[in-house]
$ cat start_31.pdb   # PDB, C-alpha atoms
ATOM      1  CA  MET V   1      -4.731  33.301 -15.717  1.00  0.00           C
ATOM      2  CA  THR V   2      -3.464  36.691 -14.621  1.00  0.00           C
ATOM      3  CA  ARG V   3      -5.097  39.594 -16.454  1.00  0.00           C
ATOM      4  CA  LEU V   4      -3.093  42.712 -17.303  1.00  0.00           C
ATOM      5  CA  ALA V   5      -4.864  45.947 -16.393  1.00  0.00           C
ATOM      6  CA  VAL V   6      -3.752  49.410 -17.496  1.00  0.00           C
ATOM      7  CA  VAL V   7      -5.003  52.296 -15.358  1.00  0.00           C
ATOM      8  CA  THR V   8      -4.423  55.758 -16.803  1.00  0.00           C
ATOM      9  CA  GLY V   9      -3.761  58.449 -14.248  1.00  0.00           C
ATOM     10  CA  GLY V  10      -3.144  55.489 -12.011  1.00  0.00           C
ATOM     11  CA  THR V  11      -0.643  56.836  -9.480  1.00  0.00           C
ATOM     12  CA  ARG V  12      -2.782  59.247  -7.493  1.00  0.00           C
ATOM     13  CA  GLY V  13      -6.310  59.836  -6.262  1.00  0.00           C
ATOM     14  CA  ILE V  14      -8.985  57.579  -7.716  1.00  0.00           C
ATOM     15  CA  GLY V  15      -6.522  56.048 -10.165  1.00  0.00           C
ATOM     16  CA  ALA V  16      -4.150  54.986  -7.407  1.00  0.00           C
ATOM     17  CA  ALA V  17      -6.996  53.362  -5.488  1.00  0.00           C
ATOM     18  CA  VAL V  18      -8.062  51.485  -8.629  1.00  0.00           C
ATOM     19  CA  SER V  19      -4.506  50.315  -9.314  1.00  0.00           C
ATOM     20  CA  ILE V  20      -4.105  49.026  -5.753  1.00  0.00           C
ATOM     21  CA  GLU V  21      -7.528  47.362  -5.700  1.00  0.00           C
ATOM     22  CA  LEU V  22      -6.818  45.481  -8.918  1.00  0.00           C
ATOM     23  CA  LYS V  23      -3.368  44.434  -7.726  1.00  0.00           C
ATOM     24  CA  ASN V  24      -4.943  43.130  -4.516  1.00  0.00           C
ATOM     25  CA  ARG V  25      -7.311  41.088  -6.692  1.00  0.00           C
ATOM     26  CA  SER V  26      -4.349  39.453  -8.464  1.00  0.00           C
ATOM     27  CA  TYR V  27      -4.303  41.503 -11.646  1.00  0.00           C
ATOM     28  CA  ALA V  28      -0.986  42.520 -13.162  1.00  0.00           C
ATOM     29  CA  VAL V  29      -1.244  46.319 -13.140  1.00  0.00           C
ATOM     30  CA  ALA V  30       0.423  49.080 -15.111  1.00  0.00           C
ATOM     31  CA  ALA V  31      -0.318  52.602 -13.859  1.00  0.00           C
ATOM     32  CA  THR V  32       0.277  55.504 -16.227  1.00  0.00           C
ATOM     33  CA  TYR V  33       0.971  59.110 -15.298  1.00  0.00           C
ATOM     34  CA  ALA V  34       1.758  62.329 -17.115  1.00  0.00           C
ATOM     35  CA  GLY V  35       3.848  64.586 -14.923  1.00  0.00           C
ATOM     36  CA  ASN V  36       4.939  63.996 -11.353  1.00  0.00           C
ATOM     37  CA  ASP V  37       7.953  61.673 -11.529  1.00  0.00           C
ATOM     38  CA  GLU V  38       8.697  61.848  -7.814  1.00  0.00           C
ATOM     39  CA  ARG V  39       5.189  60.924  -6.771  1.00  0.00           C
ATOM     40  CA  ALA V  40       4.959  58.152  -9.350  1.00  0.00           C
ATOM     41  CA  LYS V  41       8.274  56.668  -8.197  1.00  0.00           C
ATOM     42  CA  ALA V  42       7.129  56.725  -4.572  1.00  0.00           C
ATOM     43  CA  PHE V  43       3.823  55.091  -5.536  1.00  0.00           C
ATOM     44  CA  SER V  44       5.619  52.314  -7.404  1.00  0.00           C
ATOM     45  CA  GLU V  45       8.044  51.709  -4.547  1.00  0.00           C
ATOM     46  CA  ASP V  46       5.222  51.602  -1.987  1.00  0.00           C
ATOM     47  CA  THR V  47       2.929  49.296  -3.980  1.00  0.00           C
ATOM     48  CA  GLY V  48       5.137  47.289  -6.319  1.00  0.00           C
ATOM     49  CA  ILE V  49       2.993  48.473  -9.241  1.00  0.00           C
ATOM     50  CA  ALA V  50       4.842  49.278 -12.476  1.00  0.00           C
ATOM     51  CA  VAL V  51       4.454  52.882 -13.644  1.00  0.00           C
ATOM     52  CA  PHE V  52       4.771  54.293 -17.151  1.00  0.00           C
ATOM     53  CA  LYS V  53       4.939  57.951 -18.157  1.00  0.00           C
ATOM     54  CA  PHE V  54       3.119  59.222 -21.221  1.00  0.00           C
ATOM     55  CA  ASP V  55       0.466  61.766 -22.203  1.00  0.00           C
ATOM     56  CA  VAL V  56      -2.878  60.134 -23.002  1.00  0.00           C
ATOM     57  CA  SER V  57      -3.865  63.125 -25.156  1.00  0.00           C
ATOM     58  CA  ASP V  58      -1.105  62.137 -27.624  1.00  0.00           C
ATOM     59  CA  PHE V  59      -2.096  59.167 -29.817  1.00  0.00           C
ATOM     60  CA  ASP V  60       1.448  58.256 -30.785  1.00  0.00           C
ATOM     61  CA  ALA V  61       2.539  58.425 -27.135  1.00  0.00           C
ATOM     62  CA  CYS V  62      -0.273  56.027 -26.189  1.00  0.00           C
ATOM     63  CA  GLN V  63       0.799  53.538 -28.832  1.00  0.00           C
ATOM     64  CA  ALA V  64       4.428  53.716 -27.738  1.00  0.00           C
ATOM     65  CA  GLY V  65       3.451  53.587 -24.055  1.00  0.00           C
ATOM     66  CA  VAL V  66       1.255  50.516 -24.415  1.00  0.00           C
ATOM     67  CA  ALA V  67       3.933  48.796 -26.494  1.00  0.00           C
ATOM     68  CA  LYS V  68       6.400  49.420 -23.669  1.00  0.00           C
ATOM     69  CA  ILE V  69       3.926  48.093 -21.086  1.00  0.00           C
ATOM     70  CA  THR V  70       3.296  44.876 -22.986  1.00  0.00           C
ATOM     71  CA  GLU V  71       6.995  44.344 -23.636  1.00  0.00           C
ATOM     72  CA  GLN V  72       8.024  44.986 -20.033  1.00  0.00           C
ATOM     73  CA  LEU V  73       5.207  42.999 -18.416  1.00  0.00           C
ATOM     74  CA  GLY V  74       5.193  40.267 -21.028  1.00  0.00           C
ATOM     75  CA  GLN V  75       1.493  40.120 -21.855  1.00  0.00           C
ATOM     76  CA  GLN V  76      -1.284  41.876 -23.706  1.00  0.00           C
ATOM     77  CA  VAL V  77      -3.749  44.347 -22.197  1.00  0.00           C
ATOM     78  CA  ASP V  78      -6.952  42.651 -21.028  1.00  0.00           C
ATOM     79  CA  VAL V  79      -8.365  45.479 -18.920  1.00  0.00           C
ATOM     80  CA  LEU V  80      -8.261  49.227 -19.587  1.00  0.00           C
ATOM     81  CA  VAL V  81      -9.399  51.820 -17.070  1.00  0.00           C
ATOM     82  CA  ASN V  82      -9.521  55.283 -18.624  1.00  0.00           C
ATOM     83  CA  ASN V  83      -9.200  57.432 -15.537  1.00  0.00           C
ATOM     84  CA  ALA V  84      -6.753  60.185 -16.550  1.00  0.00           C
ATOM     85  CA  GLY V  85      -8.303  63.628 -16.448  1.00  0.00           C
ATOM     86  CA  ILE V  86      -7.595  67.305 -15.905  1.00  0.00           C
ATOM     87  CA  THR V  87      -9.593  70.427 -15.085  1.00  0.00           C
ATOM     88  CA  ARG V  88      -9.225  73.922 -16.485  1.00  0.00           C
ATOM     89  CA  ASP V  89     -12.277  75.553 -14.951  1.00  0.00           C
ATOM     90  CA  GLY V  90     -13.763  78.852 -16.011  1.00  0.00           C
ATOM     91  CA  THR V  91     -17.061  80.287 -17.185  1.00  0.00           C
ATOM     92  CA  MET V  92     -17.655  80.345 -20.924  1.00  0.00           C
ATOM     93  CA  HIS V  93     -17.015  84.065 -21.365  1.00  0.00           C
ATOM     94  CA  ARG V  94     -13.579  83.611 -19.794  1.00  0.00           C
ATOM     95  CA  MET V  95     -12.668  80.193 -21.174  1.00  0.00           C
ATOM     96  CA  THR V  96      -9.754  80.227 -23.565  1.00  0.00           C
ATOM     97  CA  PRO V  97      -9.589  77.957 -26.613  1.00  0.00           C
ATOM     98  CA  GLU V  98      -6.462  76.426 -25.053  1.00  0.00           C
ATOM     99  CA  ASN V  99      -8.308  75.428 -21.869  1.00  0.00           C
ATOM    100  CA  TRP V 100     -11.225  74.033 -23.851  1.00  0.00           C
ATOM    101  CA  LYS V 101      -8.937  71.959 -26.050  1.00  0.00           C
ATOM    102  CA  ALA V 102      -6.701  70.703 -23.238  1.00  0.00           C
ATOM    103  CA  VAL V 103      -9.619  69.247 -21.277  1.00  0.00           C
ATOM    104  CA  LEU V 104     -11.322  67.686 -24.306  1.00  0.00           C
ATOM    105  CA  ASP V 105      -8.055  66.238 -25.621  1.00  0.00           C
ATOM    106  CA  THR V 106      -7.079  64.652 -22.296  1.00  0.00           C
ATOM    107  CA  ASN V 107     -10.393  63.634 -20.767  1.00  0.00           C
ATOM    108  CA  LEU V 108     -12.245  62.503 -23.901  1.00  0.00           C
ATOM    109  CA  GLY V 109      -9.490  62.225 -26.488  1.00  0.00           C
ATOM    110  CA  GLY V 110      -7.495  60.090 -24.074  1.00  0.00           C
ATOM    111  CA  CYS V 111     -10.302  57.522 -24.053  1.00  0.00           C
ATOM    112  CA  TYR V 112     -10.200  57.293 -27.833  1.00  0.00           C
ATOM    113  CA  ASN V 113      -6.401  57.121 -27.953  1.00  0.00           C
ATOM    114  CA  MET V 114      -6.145  54.330 -25.393  1.00  0.00           C
ATOM    115  CA  CYS V 115      -9.118  52.318 -26.653  1.00  0.00           C
ATOM    116  CA  ALA V 116      -7.924  52.562 -30.256  1.00  0.00           C
ATOM    117  CA  THR V 117      -4.535  51.274 -29.134  1.00  0.00           C
ATOM    118  CA  VAL V 118      -5.789  48.155 -27.322  1.00  0.00           C
ATOM    119  CA  ILE V 119      -9.029  47.279 -29.117  1.00  0.00           C
ATOM    120  CA  ASP V 120      -7.535  45.137 -31.898  1.00  0.00           C
ATOM    121  CA  GLY V 121      -5.779  42.853 -29.425  1.00  0.00           C
ATOM    122  CA  MET V 122      -8.939  42.493 -27.371  1.00  0.00           C
ATOM    123  CA  ARG V 123     -10.903  41.588 -30.498  1.00  0.00           C
ATOM    124  CA  GLU V 124      -8.319  39.003 -31.510  1.00  0.00           C
ATOM    125  CA  ARG V 125      -8.465  37.334 -28.091  1.00  0.00           C
ATOM    126  CA  ASN V 126     -12.269  37.672 -27.770  1.00  0.00           C
ATOM    127  CA  PHE V 127     -11.901  39.264 -24.369  1.00  0.00           C
ATOM    128  CA  GLY V 128     -11.673  42.773 -23.013  1.00  0.00           C
ATOM    129  CA  ARG V 129     -12.848  44.946 -20.169  1.00  0.00           C
ATOM    130  CA  ILE V 130     -12.926  48.715 -20.588  1.00  0.00           C
ATOM    131  CA  VAL V 131     -14.095  51.118 -17.891  1.00  0.00           C
ATOM    132  CA  ASN V 132     -14.223  54.836 -18.625  1.00  0.00           C
ATOM    133  CA  VAL V 133     -14.357  57.210 -15.674  1.00  0.00           C
ATOM    134  CA  GLY V 134     -16.970  59.877 -16.299  1.00  0.00           C
ATOM    135  CA  SER V 135     -18.388  62.234 -13.677  1.00  0.00           C
ATOM    136  CA  ILE V 136     -21.530  63.412 -11.959  1.00  0.00           C
ATOM    137  CA  ASN V 137     -20.759  66.739 -13.629  1.00  0.00           C
ATOM    138  CA  GLY V 138     -20.992  65.063 -17.022  1.00  0.00           C
ATOM    139  CA  GLN V 139     -24.490  63.934 -16.078  1.00  0.00           C
ATOM    140  CA  ALA V 140     -25.830  67.012 -14.306  1.00  0.00           C
ATOM    141  CA  GLY V 141     -23.517  69.796 -15.520  1.00  0.00           C
ATOM    142  CA  GLN V 142     -21.616  72.206 -13.316  1.00  0.00           C
ATOM    143  CA  TYR V 143     -21.172  75.958 -13.299  1.00  0.00           C
ATOM    144  CA  GLY V 144     -17.774  76.958 -14.654  1.00  0.00           C
ATOM    145  CA  GLN V 145     -17.052  73.529 -16.139  1.00  0.00           C
ATOM    146  CA  VAL V 146     -18.398  73.643 -19.675  1.00  0.00           C
ATOM    147  CA  ASN V 147     -15.242  71.976 -20.971  1.00  0.00           C
ATOM    148  CA  TYR V 148     -15.081  69.302 -18.246  1.00  0.00           C
ATOM    149  CA  ALA V 149     -18.833  68.573 -18.383  1.00  0.00           C
ATOM    150  CA  ALA V 150     -18.712  68.280 -22.179  1.00  0.00           C
ATOM    151  CA  ALA V 151     -15.770  65.859 -22.043  1.00  0.00           C
ATOM    152  CA  LYS V 152     -17.272  63.708 -19.318  1.00  0.00           C
ATOM    153  CA  SER V 153     -20.692  63.676 -20.955  1.00  0.00           C
ATOM    154  CA  GLY V 154     -18.968  62.631 -24.154  1.00  0.00           C
ATOM    155  CA  ILE V 155     -17.425  59.703 -22.302  1.00  0.00           C
ATOM    156  CA  HIS V 156     -20.876  58.361 -21.483  1.00  0.00           C
ATOM    157  CA  GLY V 157     -21.935  58.420 -25.144  1.00  0.00           C
ATOM    158  CA  PHE V 158     -18.569  57.004 -26.232  1.00  0.00           C
ATOM    159  CA  THR V 159     -19.061  54.134 -23.792  1.00  0.00           C
ATOM    160  CA  LYS V 160     -22.485  53.173 -25.133  1.00  0.00           C
ATOM    161  CA  ALA V 161     -21.352  53.217 -28.750  1.00  0.00           C
ATOM    162  CA  LEU V 162     -18.155  51.226 -28.179  1.00  0.00           C
ATOM    163  CA  ALA V 163     -20.064  48.715 -26.044  1.00  0.00           C
ATOM    164  CA  GLN V 164     -22.217  47.879 -29.055  1.00  0.00           C
ATOM    165  CA  GLU V 165     -19.132  47.355 -31.202  1.00  0.00           C
ATOM    166  CA  GLY V 166     -17.347  45.142 -28.687  1.00  0.00           C
ATOM    167  CA  ALA V 167     -20.187  42.962 -27.448  1.00  0.00           C
ATOM    168  CA  ALA V 168     -19.876  40.221 -30.071  1.00  0.00           C
ATOM    169  CA  LYS V 169     -16.143  39.947 -29.359  1.00  0.00           C
ATOM    170  CA  GLY V 170     -16.388  39.430 -25.608  1.00  0.00           C
ATOM    171  CA  ILE V 171     -15.451  43.039 -24.860  1.00  0.00           C
ATOM    172  CA  THR V 172     -17.509  44.924 -22.290  1.00  0.00           C
ATOM    173  CA  VAL V 173     -17.373  48.711 -22.106  1.00  0.00           C
ATOM    174  CA  ASN V 174     -18.846  50.502 -19.129  1.00  0.00           C
ATOM    175  CA  ALA V 175     -18.539  53.855 -17.402  1.00  0.00           C
ATOM    176  CA  ILE V 176     -18.453  54.988 -13.817  1.00  0.00           C
ATOM    177  CA  ALA V 177     -19.728  58.423 -12.873  1.00  0.00           C
ATOM    178  CA  PRO V 178     -18.212  59.355  -9.511  1.00  0.00           C
ATOM    179  CA  GLY V 179     -19.708  62.046  -7.377  1.00  0.00           C
ATOM    180  CA  TYR V 180     -17.498  64.254  -5.235  1.00  0.00           C
ATOM    181  CA  VAL V 181     -14.662  62.102  -3.940  1.00  0.00           C
ATOM    182  CA  ASP V 182     -12.201  62.990  -1.183  1.00  0.00           C
ATOM    183  CA  THR V 183      -9.112  63.543  -3.352  1.00  0.00           C
ATOM    184  CA  ASP V 184      -6.535  66.313  -3.615  1.00  0.00           C
ATOM    185  CA  MET V 185      -8.567  67.915  -6.407  1.00  0.00           C
ATOM    186  CA  VAL V 186     -11.732  68.153  -4.309  1.00  0.00           C
ATOM    187  CA  ARG V 187      -9.899  69.152  -1.119  1.00  0.00           C
ATOM    188  CA  ALA V 188      -8.522  72.154  -3.022  1.00  0.00           C
ATOM    189  CA  VAL V 189     -12.067  73.575  -3.067  1.00  0.00           C
ATOM    190  CA  PRO V 190     -12.591  76.304  -0.413  1.00  0.00           C
ATOM    191  CA  ASP V 191     -13.996  74.826   2.796  1.00  0.00           C
ATOM    192  CA  GLU V 192     -17.235  76.802   2.734  1.00  0.00           C
ATOM    193  CA  VAL V 193     -17.917  75.564  -0.804  1.00  0.00           C
ATOM    194  CA  LEU V 194     -16.998  72.009   0.161  1.00  0.00           C
ATOM    195  CA  GLN V 195     -19.446  72.062   3.072  1.00  0.00           C
ATOM    196  CA  LYS V 196     -22.230  73.164   0.718  1.00  0.00           C
ATOM    197  CA  ILE V 197     -21.395  70.285  -1.594  1.00  0.00           C
ATOM    198  CA  ILE V 198     -21.490  67.767   1.261  1.00  0.00           C
ATOM    199  CA  SER V 199     -24.825  69.162   2.447  1.00  0.00           C
ATOM    200  CA  ARG V 200     -26.328  68.149  -0.920  1.00  0.00           C
ATOM    201  CA  ILE V 201     -25.120  64.535  -0.680  1.00  0.00           C
ATOM    202  CA  PRO V 202     -27.873  62.396   0.925  1.00  0.00           C
ATOM    203  CA  VAL V 203     -25.445  59.966   2.578  1.00  0.00           C
ATOM    204  CA  GLY V 204     -23.762  62.954   4.234  1.00  0.00           C
ATOM    205  CA  ARG V 205     -20.144  62.520   3.181  1.00  0.00           C
ATOM    206  CA  LEU V 206     -17.723  62.761   0.303  1.00  0.00           C
ATOM    207  CA  GLY V 207     -17.002  59.586  -1.560  1.00  0.00           C
ATOM    208  CA  LYS V 208     -13.802  57.686  -0.967  1.00  0.00           C
ATOM    209  CA  ALA V 209     -11.429  56.650  -3.725  1.00  0.00           C
ATOM    210  CA  ASP V 210     -11.934  53.056  -2.583  1.00  0.00           C
ATOM    211  CA  ASP V 211     -15.665  53.373  -3.314  1.00  0.00           C
ATOM    212  CA  ILE V 212     -14.805  53.957  -6.956  1.00  0.00           C
ATOM    213  CA  ALA V 213     -12.069  51.325  -7.005  1.00  0.00           C
ATOM    214  CA  ARG V 214     -14.424  48.586  -5.820  1.00  0.00           C
ATOM    215  CA  SER V 215     -16.904  49.576  -8.512  1.00  0.00           C
ATOM    216  CA  VAL V 216     -14.223  49.299 -11.188  1.00  0.00           C
ATOM    217  CA  ALA V 217     -13.175  45.883  -9.874  1.00  0.00           C
ATOM    218  CA  PHE V 218     -16.777  44.703 -10.141  1.00  0.00           C
ATOM    219  CA  LEU V 219     -17.104  45.805 -13.773  1.00  0.00           C
ATOM    220  CA  VAL V 220     -13.786  44.365 -14.988  1.00  0.00           C
ATOM    221  CA  ALA V 221     -14.284  40.899 -13.503  1.00  0.00           C
ATOM    222  CA  ASP V 222     -14.382  37.986 -15.939  1.00  0.00           C
ATOM    223  CA  ASP V 223     -17.892  37.089 -14.801  1.00  0.00           C
ATOM    224  CA  ALA V 224     -19.248  40.615 -15.384  1.00  0.00           C
ATOM    225  CA  ASP V 225     -19.704  39.677 -19.031  1.00  0.00           C
ATOM    226  CA  PHE V 226     -23.425  40.517 -19.179  1.00  0.00           C
ATOM    227  CA  ILE V 227     -22.907  44.128 -18.112  1.00  0.00           C
ATOM    228  CA  THR V 228     -21.972  46.438 -20.959  1.00  0.00           C
ATOM    229  CA  GLY V 229     -22.908  49.921 -22.115  1.00  0.00           C
ATOM    230  CA  SER V 230     -23.846  50.866 -18.552  1.00  0.00           C
ATOM    231  CA  THR V 231     -22.978  53.876 -16.450  1.00  0.00           C
ATOM    232  CA  LEU V 232     -22.642  53.143 -12.743  1.00  0.00           C
ATOM    233  CA  SER V 233     -23.284  56.277 -10.710  1.00  0.00           C
ATOM    234  CA  VAL V 234     -21.324  56.273  -7.454  1.00  0.00           C
ATOM    235  CA  ASN V 235     -22.308  59.557  -5.868  1.00  0.00           C
ATOM    236  CA  GLY V 236     -23.984  58.976  -2.498  1.00  0.00           C
ATOM    237  CA  GLY V 237     -27.389  59.794  -3.971  1.00  0.00           C
ATOM    238  CA  GLN V 238     -26.436  63.335  -4.980  1.00  0.00           C
ATOM    239  CA  HIS V 239     -27.750  62.906  -8.529  1.00  0.00           C
ATOM    240  CA  MET V 240     -30.482  60.369  -9.337  1.00  0.00           C
ATOM    241  CA  TYR V 241     -32.198  59.901 -12.646  1.00  0.00           C
TER     242      TYR V 241
END

$ encode --input "start_31.pdb" --output "structure tokens"
Amino acid sequence: MTRLAVVTGGTRGIGAAVSIELKNRSYAVAATYAGNDERAKAFSEDTGIAVFKFDVSDFDACQAGVAKITEQLGQQVDVLVNNAGITRDGTMHRMTPENWKAVLDTNLGGCYNMCATVIDGMRERNFGRIVNVGSINGQAGQYGQVNYAAAKSGIHGFTKALAQEGAAKGITVNAIAPGYVDTDMVRAVPDEVLQKIISRIPVGRLGKADDIARSVAFLVADDADFITGSTLSVNGGQHMY
């Protein structure tokens, strides 16, 4: 049977790679996005992947968005990849309450909103695969990213707790913690800073979005049913523990 996978933030960067990888593995894929209509339309036209616009930080929007996905694609959500995320960097003494809240609401709150929306259906069908995209900076911390590190670290705890709840119902919940991946977000870093980052990665390069996508595909497979509550670090050896 064809599984339906929803990938949040699924039209660019890591999310786009995940969406394409799952489509290539014969999943039906719905990619969500929050803002860039033009880019999302181009992505859909290029890949044939259906796109849906809603804000994962808004619980009601997630419920309406998933309802639209299931109605349009004609099936229930079997696989959820919580990839959507934002940054609002700044040191604590300069961080505004608005920037703290925005990052927590999207990066961590979005995981709750989406999981809460699909979990009942997964429990009813005794099958589900959830992958939450954390970060190396949620594991090791990062200067100027108290909000982002807190949200991503929270994802790792969220994953372990939900995995325990879902296990008896055939639902696995895992996390991936990417290192620095060659995306628009990372390429926006000044070159001298980027070179310092690369110098600390033992394999000597940035990650590729496809590295993360293949890891997601591994965790959401039907026969990955004995892997749950795990965090898979995909970081080129930059952070080991």

$ atom_distance --input "start_31.pdb" --atom1 "CA of Gly9 (chain V)" --atom2 "CA of Tyr143 (chain V)"
24.7 Å

$ atom_distance --input "start_31.pdb" --atom1 "CA of Leu73 (chain V)" --atom2 "CA of Gly13 (chain V)"
23.7 Å

$ residues_near_point --input "start_31.pdb" --point "(-11.0, 52.7, -30.5)" --cutoff "12 Å" --atoms "only C-alpha atoms" --output "PyMOL selection string"
chain V and resi 59+63+80+108-123+130+158-159+161-163+165-166+173

$ atom_distance --input "start_31.pdb" --atom1 "CA of Gln139 (chain V)" --atom2 "CA of Asp191 (chain V)"
24.2 Å

$ resolve_selection --input "start_31.pdb" --expression "the PyMOL selection byres ((chain V and resi 178-183) around 6)" --output "PyMOL selection string"
chain V and resi 13+135-136+177+184-186+206-208+234-235

$ closest_residue --input "start_31.pdb" --among "V:Val18, V:Ala67, V:Met1, V:Met92" --to "Phe218 (chain V)" --atoms "all atoms listed in the file"
V:Val18

$ closest_residue --input "start_31.pdb" --among "V:Ser230, V:Thr11, V:Gly154, V:Leu22" --to "Glu45 (chain V)" --atoms "only C-alpha atoms"
V:Thr11

$ closest_residue --input "start_31.pdb" --among "V:Ser44, V:Thr231, V:Asn132, V:Gln238" --to "Gly204 (chain V)" --atoms "all atoms listed in the file"
V:Gln238

$ resolve_selection --input "start_31.pdb" --expression "the PyMOL selection byres ((chain V and resi 241) around 10)" --output "number ranges by chain"
V: 139-140, 233, 237, 239-240

$ closest_residue --input "start_31.pdb" --among "V:Asn36, V:Asn174, V:Ser57, V:Ser26" --to "Arg12 (chain V)" --atoms "all atoms listed in the file"
V:Asn36

$ resolve_selection --input "start_31.pdb" --expression "the PyMOL selection byres ((chain V and resi 144-146) around 6)" --output "list in words"
Asp89, Gly90, Thr91, Gln142, Tyr143, Asn147, Tyr148, Ala149 and Ala150 of chain V

$ closest_residue --input "start_31.pdb" --among "V:Lys41, V:Met95, V:Ala102, V:Thr47" --to "Asn24 (chain V)" --atoms "only C-alpha atoms"
V:Thr47

$ decode --input "start_31.pdb" --residues "region 23-35 of chain V" --atoms "C-alpha atoms" --output "CSV table (one decimal), in the first residue's frame"
chain,number,residue,atom,x,y,z
V,23,LYS,CA,8.3,10.5,-3.4
V,24,ASN,CA,11.1,8.5,-5.1
V,25,ARG,CA,10.5,5.7,-2.6
V,26,SER,CA,6.8,5.6,-3.7
V,27,TYR,CA,5.2,7.5,-0.8
V,28,ALA,CA,2.4,9.9,-1.5
V,29,VAL,CA,3.8,13.2,-0.2
V,30,ALA,CA,2.3,16.4,1.0
V,31,ALA,CA,4.8,19.2,1.6
V,32,THR,CA,3.7,22.1,3.8
V,33,TYR,CA,5.1,25.7,3.7
V,34,ALA,CA,4.4,28.9,5.5
V,35,GLY,CA,5.3,31.8,3.2
